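Shown next: structure-v7.cif, containing mmCIF, C-alpha atoms.
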```cif
data_final
loop_
_atom_site.label_atom_id
_atom_site.label_comp_id
_atom_site.auth_asym_id
_atom_site.auth_seq_id
_atom_site.Cartn_x
_atom_site.Cartn_y
_atom_site.Cartn_z
CA MET J 1 -36.08 -61.83 16.34
CA ARG J 2 -39.02 -64.18 16.71
CA ARG J 3 -41.78 -63.58 19.24
CA LEU J 4 -42.80 -66.65 21.21
CA ARG J 5 -46.02 -66.66 23.17
CA GLY J 6 -44.70 -68.82 25.99
CA GLY J 7 -46.65 -71.35 27.98
CA ALA J 8 -46.18 -74.74 29.62
CA TYR J 9 -44.05 -77.54 28.15
CA ARG J 10 -42.25 -80.71 29.19
CA GLN J 11 -38.64 -79.76 29.98
CA GLY J 12 -35.77 -82.21 30.26
CA ALA J 13 -35.39 -85.88 29.38
CA GLY J 14 -34.80 -89.12 31.22
CA ALA J 15 -33.24 -91.41 28.64
CA PHE J 16 -29.85 -89.80 27.97
CA TYR J 17 -27.59 -88.01 30.48
CA PRO J 18 -28.50 -87.95 34.19
CA ASP J 19 -28.42 -84.16 34.59
CA GLU J 20 -31.20 -83.73 32.01
CA GLY J 21 -33.83 -85.26 34.25
CA PRO J 22 -36.30 -85.54 35.62
CA GLU J 23 -38.68 -84.57 32.85
CA ARG J 24 -40.99 -81.93 34.34
CA LEU J 25 -43.68 -79.43 33.44
CA THR J 26 -42.23 -75.93 33.05
CA ARG J 27 -43.88 -72.64 32.20
CA VAL J 28 -42.27 -69.61 30.54
CA GLY J 29 -43.67 -66.19 29.69
CA ALA J 30 -43.70 -64.53 26.29
CA PHE J 31 -40.37 -63.36 24.90
CA ARG J 32 -38.53 -62.57 21.70
CA ILE J 33 -35.40 -64.50 20.71
CA ASP J 34 -32.77 -64.08 18.02
CA GLU J 35 -33.42 -66.19 14.94
CA THR J 36 -29.78 -67.25 14.88
CA PRO J 37 -26.74 -67.26 17.13
CA VAL J 38 -24.98 -63.89 17.14
CA THR J 39 -22.66 -63.75 14.13
CA ASN J 40 -19.17 -62.37 13.67
CA ARG J 41 -20.64 -59.50 11.64
CA GLN J 42 -23.02 -58.54 14.45
CA PHE J 43 -20.40 -58.90 17.15
CA ALA J 44 -17.93 -56.79 15.15
CA ARG J 45 -20.47 -53.95 15.02
CA PHE J 46 -20.93 -54.20 18.79
CA VAL J 47 -17.17 -54.03 19.36
CA ALA J 48 -16.79 -51.11 16.94
CA GLU J 49 -19.49 -49.12 18.74
CA THR J 50 -18.52 -49.95 22.31
CA GLY J 51 -14.82 -50.79 22.28
CA HIS J 52 -15.56 -54.00 24.17
CA VAL J 53 -12.53 -56.23 24.79
CA THR J 54 -13.38 -59.89 25.23
CA PHE J 55 -12.09 -62.10 28.03
CA ALA J 56 -9.92 -64.07 25.60
CA GLU J 57 -8.16 -60.87 24.53
CA LEU J 58 -6.98 -60.14 28.08
CA PRO J 59 -3.93 -61.78 29.66
CA PRO J 60 -4.86 -64.16 32.49
CA ASP J 61 -3.94 -62.94 35.95
CA PRO J 62 -1.25 -65.33 37.31
CA ALA J 63 -2.56 -64.69 40.81
CA ALA J 64 -5.92 -66.13 39.77
CA TYR J 65 -4.33 -69.24 38.24
CA PRO J 66 -1.67 -70.47 40.68
CA GLY J 67 0.98 -72.59 39.02
CA MET J 68 0.14 -71.52 35.48
CA ALA J 69 3.02 -72.00 33.06
CA ALA J 70 4.67 -68.67 32.21
CA GLU J 71 4.30 -69.24 28.48
CA LEU J 72 0.52 -69.37 28.91
CA ALA J 73 0.25 -66.04 30.74
CA HIS J 74 -0.90 -64.37 27.52
CA PRO J 75 -4.31 -63.73 25.95
CA GLY J 76 -5.75 -66.82 24.32
CA SER J 77 -8.51 -69.39 24.28
CA LEU J 78 -9.21 -73.12 23.90
CA VAL J 79 -9.17 -74.40 20.31
CA PHE J 80 -10.28 -77.82 19.17
CA THR J 81 -7.19 -79.54 17.78
CA PRO J 82 -8.03 -82.88 16.15
CA PRO J 83 -5.72 -85.78 17.02
CA GLN J 84 -3.55 -87.06 14.20
CA SER J 85 -4.29 -90.76 14.63
CA GLU J 86 -6.53 -93.31 16.34
CA THR J 87 -3.73 -93.89 18.81
CA ASP J 88 -3.65 -90.21 19.75
CA ALA J 89 -7.44 -90.20 20.01
CA ALA J 90 -7.41 -93.21 22.31
CA ALA J 91 -5.04 -91.32 24.61
CA GLY J 92 -7.65 -88.56 24.84
CA GLY J 93 -7.26 -84.82 24.55
CA TRP J 94 -8.08 -82.55 21.66
CA TRP J 95 -8.30 -79.16 23.31
CA ARG J 96 -5.33 -76.82 23.32
CA TYR J 97 -4.91 -73.41 24.89
CA VAL J 98 -3.78 -71.30 21.94
CA VAL J 99 -2.13 -67.97 22.65
CA GLY J 100 -3.66 -65.39 20.32
CA ALA J 101 -6.92 -67.25 19.73
CA ASP J 102 -9.99 -65.03 20.16
CA TRP J 103 -13.18 -64.09 18.36
CA ARG J 104 -11.24 -62.38 15.55
CA HIS J 105 -8.81 -65.30 15.29
CA PRO J 106 -10.92 -68.41 15.88
CA SER J 107 -8.21 -71.00 15.18
CA GLY J 108 -5.23 -69.00 16.41
CA PRO J 109 -3.29 -65.81 15.63
CA ASP J 110 -2.85 -66.70 11.95
CA SER J 111 -6.59 -67.19 11.35
CA GLU J 112 -9.18 -64.52 10.62
CA ILE J 113 -12.93 -64.04 10.16
CA GLU J 114 -12.93 -62.19 6.84
CA ASP J 115 -14.80 -65.06 5.20
CA LEU J 116 -16.75 -65.99 8.34
CA ALA J 117 -18.98 -62.94 8.74
CA ASP J 118 -22.14 -65.06 8.84
CA HIS J 119 -20.68 -67.73 11.11
CA PRO J 120 -21.48 -67.64 14.84
CA VAL J 121 -19.05 -65.65 16.93
CA VAL J 122 -16.97 -67.91 19.20
CA HIS J 123 -14.39 -67.55 21.99
CA VAL J 124 -16.77 -65.51 24.14
CA VAL J 125 -17.43 -66.05 27.83
CA ALA J 126 -20.65 -65.31 29.68
CA THR J 127 -19.72 -61.71 30.48
CA ASP J 128 -18.95 -61.01 26.81
CA ALA J 129 -22.32 -62.43 25.79
CA GLU J 130 -24.12 -60.44 28.48
CA ALA J 131 -22.39 -57.22 27.40
CA TYR J 132 -23.53 -57.74 23.82
CA CYS J 133 -27.11 -58.56 24.81
CA LEU J 134 -27.27 -55.49 27.06
CA TRP J 135 -26.04 -53.30 24.18
CA ALA J 136 -28.67 -54.91 21.94
CA GLY J 137 -31.44 -54.23 24.46
CA GLY J 138 -31.86 -57.77 25.72
CA ALA J 139 -30.39 -60.49 27.90
CA LEU J 140 -29.25 -64.09 27.76
CA PRO J 141 -32.13 -66.58 27.80
CA THR J 142 -32.80 -68.73 30.82
CA GLU J 143 -32.32 -72.45 30.32
CA ALA J 144 -36.10 -72.91 30.35
CA GLU J 145 -36.64 -70.19 27.72
CA TRP J 146 -33.89 -71.59 25.55
CA GLU J 147 -35.24 -75.14 25.65
CA TYR J 148 -38.81 -73.97 25.02
CA ALA J 149 -37.59 -72.11 21.94
CA ALA J 150 -35.43 -75.01 20.73
CA ARG J 151 -38.32 -77.49 20.85
CA GLY J 152 -40.21 -75.40 18.34
CA GLY J 153 -43.58 -76.52 19.65
CA LEU J 154 -42.85 -80.26 19.45
CA GLU J 155 -43.74 -82.21 22.57
CA GLY J 156 -42.11 -85.47 23.58
CA ARG J 157 -39.67 -85.62 20.68
CA ILE J 158 -35.97 -86.42 20.95
CA PHE J 159 -34.73 -83.80 18.52
CA ALA J 160 -35.91 -80.33 17.59
CA TRP J 161 -37.39 -81.78 14.38
CA GLY J 162 -38.68 -85.21 15.47
CA ASP J 163 -37.31 -88.57 16.57
CA GLU J 164 -34.88 -89.31 13.72
CA LEU J 165 -31.46 -87.69 13.68
CA THR J 166 -31.32 -87.50 9.87
CA PRO J 167 -34.83 -88.03 8.48
CA ALA J 168 -34.63 -89.51 4.97
CA GLY J 169 -30.87 -89.03 5.20
CA ARG J 170 -31.15 -85.24 5.47
CA PRO J 171 -28.81 -83.46 7.95
CA MET J 172 -30.90 -81.17 10.15
CA ALA J 173 -28.14 -79.48 12.12
CA LYS J 174 -24.43 -78.71 11.97
CA ILE J 175 -22.99 -81.61 13.95
CA TRP J 176 -19.90 -83.76 13.41
CA GLN J 177 -19.87 -85.67 10.13
CA GLY J 178 -17.72 -88.79 10.35
CA THR J 179 -16.12 -90.46 13.36
CA PHE J 180 -15.25 -88.09 16.18
CA PRO J 181 -12.54 -86.92 16.67
CA VAL J 182 -10.31 -88.27 13.89
CA LEU J 183 -12.47 -88.41 10.76
CA ASN J 184 -14.14 -85.16 9.73
CA LEU J 185 -16.21 -85.54 6.55
CA ALA J 186 -17.57 -81.99 6.47
CA PRO J 187 -17.07 -80.10 3.18
CA ALA J 188 -13.93 -78.00 2.82
CA GLY J 189 -14.27 -74.76 4.77
CA LEU J 190 -17.02 -76.16 6.99
CA GLU J 191 -14.93 -78.44 9.19
CA ARG J 192 -15.73 -76.20 12.15
CA THR J 193 -18.61 -73.72 12.28
CA ALA J 194 -21.03 -73.10 9.42
CA PRO J 195 -22.92 -69.99 8.27
CA VAL J 196 -26.14 -69.47 10.22
CA ARG J 197 -29.39 -70.41 8.48
CA GLY J 198 -27.60 -73.23 6.68
CA TYR J 199 -29.98 -75.88 8.04
CA PRO J 200 -33.79 -75.99 8.28
CA PRO J 201 -35.43 -73.81 10.95
CA ASN J 202 -37.47 -75.39 13.72
CA GLY J 203 -41.19 -74.98 14.20
CA TYR J 204 -40.74 -71.45 15.58
CA GLY J 205 -38.61 -70.29 12.65
CA LEU J 206 -35.37 -70.41 14.65
CA PHE J 207 -32.09 -71.51 13.12
CA ASP J 208 -29.13 -73.39 14.62
CA MET J 209 -30.77 -73.99 17.98
CA ILE J 210 -29.13 -77.39 17.65
CA GLY J 211 -25.51 -77.80 16.59
CA ASN J 212 -23.06 -75.28 15.15
CA VAL J 213 -22.11 -73.74 18.54
CA TRP J 214 -23.04 -74.31 22.16
CA GLU J 215 -24.92 -71.32 23.57
CA TRP J 216 -24.62 -69.56 26.93
CA THR J 217 -27.70 -69.21 29.12
CA ALA J 218 -28.33 -67.04 32.16
CA ASP J 219 -28.68 -70.01 34.52
CA ALA J 220 -26.06 -71.30 36.90
CA TYR J 221 -25.39 -75.03 36.68
CA ASP J 222 -26.57 -76.87 39.77
CA ASP J 223 -23.44 -78.45 41.22
CA ASP J 224 -25.63 -80.80 43.26
CA ALA J 225 -27.06 -82.34 40.10
CA GLU J 226 -25.81 -85.81 39.23
CA ALA J 227 -23.03 -85.19 36.76
CA ALA J 228 -23.04 -86.98 33.43
CA PRO J 229 -19.87 -88.46 31.95
CA ALA J 230 -17.76 -85.63 30.55
CA PRO J 231 -17.36 -86.06 26.78
CA GLY J 232 -14.26 -84.34 25.47
CA CYS J 233 -16.12 -82.61 22.64
CA CYS J 234 -17.46 -80.18 25.20
CA ALA J 235 -14.17 -79.11 26.79
CA SER J 236 -14.74 -80.28 30.32
CA ARG J 237 -12.88 -78.55 33.10
CA ALA J 238 -10.71 -81.61 33.70
CA GLU J 239 -9.68 -81.72 30.07
CA GLN J 240 -9.05 -78.00 30.00
CA ASP J 241 -6.68 -78.34 32.92
CA ILE J 242 -4.82 -81.23 31.28
CA GLU J 243 -4.81 -80.11 27.67
CA ALA J 244 -4.30 -76.42 28.31
CA ASN J 245 -1.89 -76.90 31.22
CA ARG J 246 -3.79 -74.04 32.77
CA PRO J 247 -4.90 -74.61 36.38
CA VAL J 248 -8.46 -73.87 37.40
CA ARG J 249 -8.93 -70.46 39.00
CA SER J 250 -10.41 -72.07 42.11
CA PRO J 251 -12.47 -75.17 42.97
CA GLY J 252 -15.50 -72.93 43.47
CA ILE J 253 -15.50 -71.22 40.07
CA SER J 254 -19.11 -70.81 38.99
CA ARG J 255 -20.49 -72.58 35.96
CA ARG J 256 -23.32 -71.76 33.60
CA VAL J 257 -25.64 -74.02 31.66
CA LEU J 258 -24.85 -74.31 27.95
CA LYS J 259 -27.46 -75.58 25.50
CA GLY J 260 -27.72 -76.92 21.97
CA GLY J 261 -24.58 -78.93 21.30
CA SER J 262 -22.11 -77.96 18.59
CA HIS J 263 -20.36 -79.04 15.42
CA LEU J 264 -18.25 -81.36 17.61
CA CYS J 265 -21.20 -83.45 18.84
CA ALA J 266 -21.30 -86.85 17.17
CA PRO J 267 -23.42 -90.02 17.40
CA ASN J 268 -20.32 -92.04 18.30
CA TYR J 269 -19.27 -89.77 21.14
CA CYS J 270 -21.38 -86.86 22.41
CA GLN J 271 -25.13 -87.07 21.84
CA ARG J 272 -25.97 -83.59 23.04
CA TYR J 273 -27.57 -82.35 19.83
CA ARG J 274 -31.00 -82.31 21.51
CA PRO J 275 -33.15 -79.59 23.15
CA ALA J 276 -32.97 -81.29 26.56
CA ALA J 277 -29.17 -81.63 26.53
CA ARG J 278 -27.09 -79.34 28.71
CA TRP J 279 -23.49 -78.73 29.67
CA ALA J 280 -21.78 -77.06 32.64
CA GLN J 281 -19.24 -74.47 31.47
CA PRO J 282 -16.90 -72.48 33.76
CA VAL J 283 -17.66 -68.79 33.35
CA ASP J 284 -13.97 -68.00 32.77
CA THR J 285 -13.51 -70.43 29.87
CA SER J 286 -13.97 -69.60 26.19
CA THR J 287 -13.70 -72.13 23.38
CA SER J 288 -13.80 -72.39 19.59
CA HIS J 289 -17.31 -73.93 19.64
CA LEU J 290 -19.15 -71.67 22.08
CA GLY J 291 -21.42 -68.71 21.22
CA PHE J 292 -24.81 -67.28 22.23
CA ARG J 293 -28.06 -65.56 21.24
CA CYS J 294 -30.22 -62.98 23.06
CA VAL J 295 -33.81 -62.65 24.23
CA VAL J 296 -36.01 -59.64 24.97
CA ARG J 297 -38.67 -59.79 27.64
CA SER J 298 -39.65 -56.08 27.65
CA GLU J 299 -43.00 -54.79 26.46
CA PRO J 300 -43.36 -53.93 22.75
CA GLY J 301 -42.46 -50.39 21.77
CA PRO J 302 -44.57 -47.99 19.65
CA ALA J 303 -46.57 -49.61 16.86
CA GLY J 304 -45.82 -53.05 18.27
CA GLY J 305 -42.10 -52.98 17.51
CA SER J 306 -39.48 -54.32 19.88
CA ARG J 307 -37.38 -51.82 21.79
CA ARG J 308 -34.34 -53.94 21.00
CA ARG J 309 -31.59 -52.34 18.96
CA ARG J 310 -31.25 -54.23 15.69
CA PRO J 311 -27.60 -55.00 14.92
CA GLY J 312 -26.82 -55.40 11.23
#
```
Spit out the file's structure as structure tokens when you get a sec.
Amino acid sequence: MRRLRGGAYRQGAGAFYPDEGPERLTRVGAFRIDETPVTNRQFARFVAETGHVTFAELPPDPAAYPGMAAELAHPGSLVFTPPQSETDAAAGGWWRYVVGADWRHPSGPDSEIEDLADHPVVHVVATDAEAYCLWAGGALPTEAEWEYAARGGLEGRIFAWGDELTPAGRPMAKIWQGTFPVLNLAPAGLERTAPVRGYPPNGYGLFDMIGNVWEWTADAYDDDAEAAPAPGCCASRAEQDIEANRPVRSPGISRRVLKGGSHLCAPNYCQRYRPAARWAQPVDTSTSHLGFRCVVRSEPGPAGGSRRRRPG
């Protein structure tokens, strides 16, 4: 983990999506934060020690999802499924509820994580993330803490590294390469997530704060905020209902703020690869591009060490 001293900073932005503004002065206290999103290796240790079963591994309760198709009443999760043509892309929709998809099987029941130990864990909902952080001696970051950490000490900059998306042509984060959603130019094996620490750290020594996977925070999304257009890369609730054919639990289902963007964010479609960007995610929805990291706000232990358990 990295220890951040905290302090005041300018949170939010006014030039992109409406729910990011207004830009305002925000203060956070000192805290420690994971250098990277939690990986499959770390999450596997947590599951081995605790026996935790993730939300995606449990069958949905038909009573909670009235009208759900019988064939979908099985454990599963939303998986990005690229359209096969420009025509299909124009029709919209690239999320599919895949029975058998979960953190161990990120693309579906025939996939595995044997070669993805250092990739971020995905297909976790807020309660899964909170259970891991509690086991590790921490908690999910607030939106303000997360954004403070992501900015890396830079004030008034668009990205976590400056004002150019790819300075001198150098990719600074794991975002979509090509034209979303039909042309993916990422190297073989990296079409989806990438190993953590694969891109430069920010000014606080933190990796993958931008791109790779969206990250859960502890904050509820303010439903009174002016909603931005819902880009499909983020798996909006409307698209989940249509593409997954899985009705929403209820109109009042709570949503949490996600931060950081993911490997599906692209200049031609979803420009949420910025510290100020945010997304409203239903707490009962897991996806193939959604993970998390933890913070610790407790006092240092003996000899200045953190009291946080250190997963391998």
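Using the PyMOL selection byres ((chain J and resi 103) around 9) on the file at hand returns these residues: Asn40, Phe43, Thr54, Ala56, Glu57, Ala101, Asp102, Arg104, His105, Pro106, Glu112, Ile113, Val121, Val122, His123, Val124 and Ser288 of chain J.
Atom pair CA of Thr26 in chain J / CA of Gly211 in chain J: separated by 23.5 Å.
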Spatial neighbours of Leu258 in chain J, 7 Å, only C-alpha atoms, chain gap at least 6 places, as a PyMOL selection string:
chain J and resi 214-217+278-281
State, in Å with one decimal place, the distance from CA of Phe55 in chain J to CA of Thr127 in chain J.
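If I compute the distance from CA of Phe55 in chain J to CA of Thr127 in chain J, I get 8.0 Å.
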Could you write out as a list in words the residues that the PyMOL selection byres ((chain J and resi 126) around 9) matches in the shown file?
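When the PyMOL selection byres ((chain J and resi 126) around 9) is applied, the selected residues are Val124, Val125, Thr127, Asp128, Ala129, Glu130, Ala131, Leu140, Trp216, Thr217, Ala218, Arg256, Val283, Asp284, Thr285, Ser286 and Phe292 of chain J.
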Near Met172 in chain J, within 12 Å and counting only C-alpha atoms, which residues show up once chain neighbours fewer than 5 positions away are dropped, as a PyMOL selection string?
chain J and resi 159-167+177+197-202+207-212+263+273-274
